[in-house]
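What follows is a set of notes on a single structure, which appears directly below.
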Amino acid sequence: MSVQSQVMEQMKVAMKAKDTVALESLRALKSAFLLANTSGGNVELSEEDEIKIVQKLVKQRKDSAAIFQEQNRMDLAEPEIAQAKILEQFLPAQMGEEELKAAIEAIIGQTGASSMKDMGKVMGMASQQLAGKADGKAISTVVKQLLT
């Protein structure tokens, strides 16, 4: 089942349950899918494209929540965090720290990277191979740890 059809099913459930937070985040996701579908012609979105859109929306929510928390506006941060959690259910399972470290060590071995100068090569490959399975910030942190 595609992510778009899952979103539609969850919207129906949220409407029946009168869950406004879930409904708001699902409508935002549906809107992003529609926008992506219409901007590229009549081409159907691939599952990778759908996951990228979900990741983008989750990142936006988390970034907004972090800004609100810095400004001590918990009344605004909490709905953003709740929406991010609802959207995260449409993402594939995220890699654990040990699993991520092992995958990046393998990528470093493949590229022959030995110092921070090679971080760009490693990040490019890691971002491609681990897309949807790990957050870019987490990948960057592990790459920096391993290359220093």
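Identifiers in the structure tokens: chain A, B, ... in order shown; residue index from 1 per chain; ligand index from 1 in order shown.
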
Do you know which residues are at most 12 Å from Gly96 in chain A counting only C-alpha atoms, after dropping those on the same chain fewer than 6 positions away, and could you put them as a short mmCIF file (atom, residue, chain, number, x, y, z; two decimals) with N, CA and C atoms, in the first residue's frame?
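Result saved to result-v4.cif:
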data_model
loop_
_atom_site.label_atom_id
_atom_site.label_comp_id
_atom_site.auth_asym_id
_atom_site.auth_seq_id
_atom_site.Cartn_x
_atom_site.Cartn_y
_atom_site.Cartn_z
N ALA A 102 27.86 0.94 11.84
CA ALA A 102 28.38 -0.17 11.02
C ALA A 102 28.22 0.13 9.53
N ALA A 103 27.07 0.68 9.15
CA ALA A 103 26.84 1.00 7.73
C ALA A 103 27.80 2.07 7.25
N LYS A 133 16.27 5.87 6.00
CA LYS A 133 16.56 4.96 7.12
C LYS A 133 17.23 5.68 8.28
N ALA A 134 17.82 6.85 7.99
CA ALA A 134 18.49 7.62 9.03
C ALA A 134 18.42 9.10 8.71
N ASP A 135 18.41 9.90 9.75
CA ASP A 135 18.36 11.35 9.63
C ASP A 135 19.71 11.87 9.15
N ALA A 138 22.09 12.81 11.95
CA ALA A 138 22.68 11.65 12.62
C ALA A 138 23.81 11.05 11.77
N ILE A 139 23.59 10.99 10.46
CA ILE A 139 24.63 10.48 9.56
C ILE A 139 25.86 11.36 9.65
N VAL A 142 27.87 10.83 12.93
CA VAL A 142 28.63 9.58 12.95
C VAL A 142 29.82 9.64 12.00
#

- Query: Can you tell me, as number ranges by chain, what residues are no more than 12 Å from Glu44 in chain A when counting only C-alpha atoms, ignoring any on the same chain fewer than 4 positions away?
  - Reply: A: 2, 4, 33-40, 48-50

- Query: Of the residues A:Leu29, A:Ala84, A:Thr141, A:Ala22, which is the one nearest to Glu97 in chain A, using only C-alpha atoms?
  - Reply: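 Distance minimum relative to Glu97 in chain A lands on A:Thr141.
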
- Work out how far apart CA of Phe90 in chain A and CA of Asp19 in chain A are and give it in Å to one decimal.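 CA of Asp19 in chain A lies 17.5 Å from CA of Phe90 in chain A.
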
All residues 9 Å or closer to Leu23 in chain A, only C-alpha atoms, same chain fewer than 4 positions away omitted, as an mmCIF file with N, CA, C and O atoms, in the first residue's frame:
data_model
loop_
_atom_site.group_PDB
_atom_site.id
_atom_site.type_symbol
_atom_site.label_atom_id
_atom_site.label_comp_id
_atom_site.auth_asym_id
_atom_site.auth_seq_id
_atom_site.Cartn_x
_atom_site.Cartn_y
_atom_site.Cartn_z
ATOM 1 N N GLN A 10 -5.787 6.959 7.141
ATOM 2 C CA GLN A 10 -5.590 7.574 8.459
ATOM 3 C C GLN A 10 -6.435 8.838 8.609
ATOM 4 O O GLN A 10 -6.889 9.158 9.705
ATOM 5 N N MET A 11 -6.616 9.570 7.512
ATOM 6 C CA MET A 11 -7.469 10.767 7.561
ATOM 7 C C MET A 11 -8.900 10.390 7.923
ATOM 8 O O MET A 11 -9.541 11.075 8.729
ATOM 9 N N LYS A 12 -9.401 9.310 7.323
ATOM 10 C CA LYS A 12 -10.755 8.856 7.639
ATOM 11 C C LYS A 12 -10.883 8.505 9.122
ATOM 12 O O LYS A 12 -11.853 8.873 9.777
ATOM 13 N N VAL A 13 -9.867 7.802 9.639
ATOM 14 C CA VAL A 13 -9.873 7.415 11.047
ATOM 15 C C VAL A 13 -9.829 8.655 11.938
ATOM 16 O O VAL A 13 -10.566 8.755 12.918
ATOM 17 N N ALA A 14 -8.986 9.622 11.580
ATOM 18 C CA ALA A 14 -8.859 10.850 12.373
ATOM 19 C C ALA A 14 -10.144 11.665 12.349
ATOM 20 O O ALA A 14 -10.528 12.266 13.355
ATOM 21 N N MET A 15 -10.814 11.683 11.197
ATOM 22 C CA MET A 15 -12.089 12.412 11.108
ATOM 23 C C MET A 15 -13.141 11.783 12.012
ATOM 24 O O MET A 15 -13.858 12.491 12.722
ATOM 25 N N LYS A 18 -12.408 12.511 15.529
ATOM 26 C CA LYS A 18 -12.355 13.957 15.776
ATOM 27 C C LYS A 18 -11.007 14.372 16.387
ATOM 28 O O LYS A 18 -10.944 15.210 17.276
ATOM 29 N N ASP A 19 -9.930 13.762 15.861
ATOM 30 C CA ASP A 19 -8.559 14.060 16.288
ATOM 31 C C ASP A 19 -8.033 15.206 15.424
ATOM 32 O O ASP A 19 -7.541 14.991 14.316
ATOM 33 N N ARG A 27 -3.636 16.317 6.637
ATOM 34 C CA ARG A 27 -4.044 17.198 5.536
ATOM 35 C C ARG A 27 -2.841 17.923 4.941
ATOM 36 O O ARG A 27 -2.766 18.121 3.724
ATOM 37 N N ALA A 28 -1.897 18.315 5.788
ATOM 38 C CA ALA A 28 -0.676 18.966 5.296
ATOM 39 C C ALA A 28 0.112 17.998 4.410
ATOM 40 O O ALA A 28 0.639 18.389 3.359
#

- Message: Please return, as a ChimeraX atom specification, all residues of range 7-136 of chain A that DSSP assigns to alpha helix (DSSP H) on the basis of the backbone.
- Response: /A:7-17,20-39,47-70,74-88,97-111,119-129,136

- If you measure from CA of Leu130 in chain A to CA of Glu88 in chain A, what distance in Å do you get, rounded to one decimal?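 About the pair CA of Leu130 in chain A and CA of Glu88 in chain A: they are 16.4 Å apart.
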
- From the list A:Glu47, A:Glu105, A:Glu24, A:Glu98, which residue is nearest Pro79 in chain A when using only C-alpha atoms? A:Glu24

- Task: Work out how far apart CA of Ser115 in chain A and CA of Leu146 in chain A are and give it in Å to one decimal.
- Result: 8.9 Å

- Task: Find the spatial neighbours of range 56-62 of chain A, counting only C-alpha atoms, within a cut-off of 12 Å - ignore same-chain residues fewer than 4 positions away - and output them as a VMD selection string.
- Result: chain A and resid 25 to 33 49 to 52 66 to 69 76 to 91 132 135 to 137
